[in-house]
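Here is the structure we will look at.
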Amino acid sequence: MCEDHSMASLGFTDEKVPVGSHICQIFSSDSERLDSLLKFLLSGLETKERAACFSEKSDEDEIGTFISSHNLSYEECKKNNALVKEGTTEVYFKGGVFDPDRMLDTLRNYYEESMEMGFPAARVIGEMMPEVMDIPGGDRLIEYESKVNLLLRDSPLTTVCQYDAEVFDGATIMDILKVHPQMIVRGSVVHNPFYMQPEEFLKET
């Protein structure tokens, strides 16, 4: 019997979500961020999914130690392209610019490549840095997040976006919530009452 990959385990909660979910995590401590990141990656690898991590704060040693402590070979995961680890800056801010269209292409290509490699599903967790607000294109961050919802309809990556509540202001956090259908609250994934469909949100911007 083929394993069902229509639902994804996130690792840090007992709940499963539909593959292609776009989830926001507003974290208030680094331990909270790290716990979710590591468990999300591990959960994907354990179910043979491809997993990507775009993070400035977590290095390969930290991730490798955690993965290896759960009876998986970190080196094999890297060698087989099951695990992708890149820094936030090199992915999101390539060339010192935040380009939403380029980022959407990056996610689309990652998904298509994962399917071509034979992975049953793919996931990504990305940590946004506050520097985005100070670089060219940074004012399009919320537009980008809204367009991710359109992308996931055809390229169903299970996606977690991490934002630090200590460094993003309240107005930005509210805008971030408007473009994520689901959010993590006290370790559980809940429907986001602030969410606006991309067609509606983008019409207003």
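Chain identifiers are assigned as A, B, and so on, following the order in which chains appear in the structure tokens; residues are numbered from 1 within each chain, and ligands are numbered from 1 in order of appearance.
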
Practice item. Write out as a PyMOL selection string each polymer residue whose atoms come within 9 Å of Ser58 in chain A, counting only C-alpha atoms; drop sequence neighbours fewer than 3 positions from it. Key: chain A and resi 34+37+54-55+61-63+87

Contacts of Asn80 in chain A at 10 Å (only C-alpha atoms; same-chain gap of 5+ positions) as a PDB file with C-alpha atoms, in the first residue's frame:
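Okay, this is what ended up in selection.pdb:
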ATOM      1  CA  ARG A  50      12.562  16.720   0.817  1.00  0.00           C
ATOM      2  CA  TYR A  74      22.864  13.908   8.201  1.00  0.00           C
ATOM      3  CA  GLU A  75      25.565  13.360   5.598  1.00  0.00           C
ATOM      4  CA  MET A 117      14.005  13.637  -8.016  1.00  0.00           C
TER       5      MET A 117
END

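Closest to Glu46 in chain A among A:Lys178, A:Ser28, A:Ala8, A:His22 is A:Ala8, based on only C-alpha atoms.
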
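Ranking A:Glu113, A:Leu152, A:Asp175, A:Gly118 by their shortest atom-to-atom distance to Asp139 in chain A, with only C-alpha atoms included, puts A:Asp175 first.
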
Review point. DSSP on the backbone: what in range 46-115 of chain A comes out alpha helix (DSSP H), as a ChimeraX atom specification?
Key: /A:46,60-68,74-79,88-92,100-115

**Study point:** Residue contacts of Val132 in chain A (8 Å, only C-alpha atoms) excluding same-chain residues fewer than 6 positions away, as a ChimeraX atom specification
**Key:** /A:93,98,138,141

Export of prior selection with C-alpha atoms as a PDB file, in the first residue's frame:
ATOM      1  CA  PHE A  93      18.520  39.012  -0.286  1.00  0.00           C
ATOM      2  CA  PHE A  98      14.628  41.429  -2.054  1.00  0.00           C
ATOM      3  CA  GLY A 138      11.804  45.041   1.168  1.00  0.00           C
ATOM      4  CA  LEU A 141       7.560  41.567   1.621  1.00  0.00           C
TER       5      LEU A 141
END

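The list of residues with at least one atom within 8 Å of Thr159 in chain A, based on only C-alpha atoms and without residues fewer than 4 positions apart in the same chain, reads Gly20, Ser21, His22, Ile23, Arg123, Val124, Ile125 and Gly126 of chain A.
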
Review point. Of the candidates A:Glu166, A:Glu143, A:Asp30, A:Asp154, which one gets nearest to Lys203 in chain A if we count only C-alpha atoms?
Key: A:Glu143

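The spacing separating CA of Val19 in chain A from CA of His5 in chain A amounts to 7.4 Å.
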
Point to revise | Proximity to Tyr144 in chain A - best of A:Ala122, A:Ser9, A:Asp164, A:Val179, only C-alpha atoms | key: A:Val179

Review point. Using only C-alpha atoms, which of A:Asp14, A:Asp4, A:Glu204, A:Glu90 sits nearest Met103 in chain A?
Key: A:Glu90

**Study point:** Residue nearest Tyr195 in chain A - candidates A:Gln162, A:Asn149, A:Thr89, A:Ser29, atoms counted: only C-alpha atoms
**Key:**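 Of the candidates, the smallest distance to Tyr195 in chain A is held by A:Asn149.
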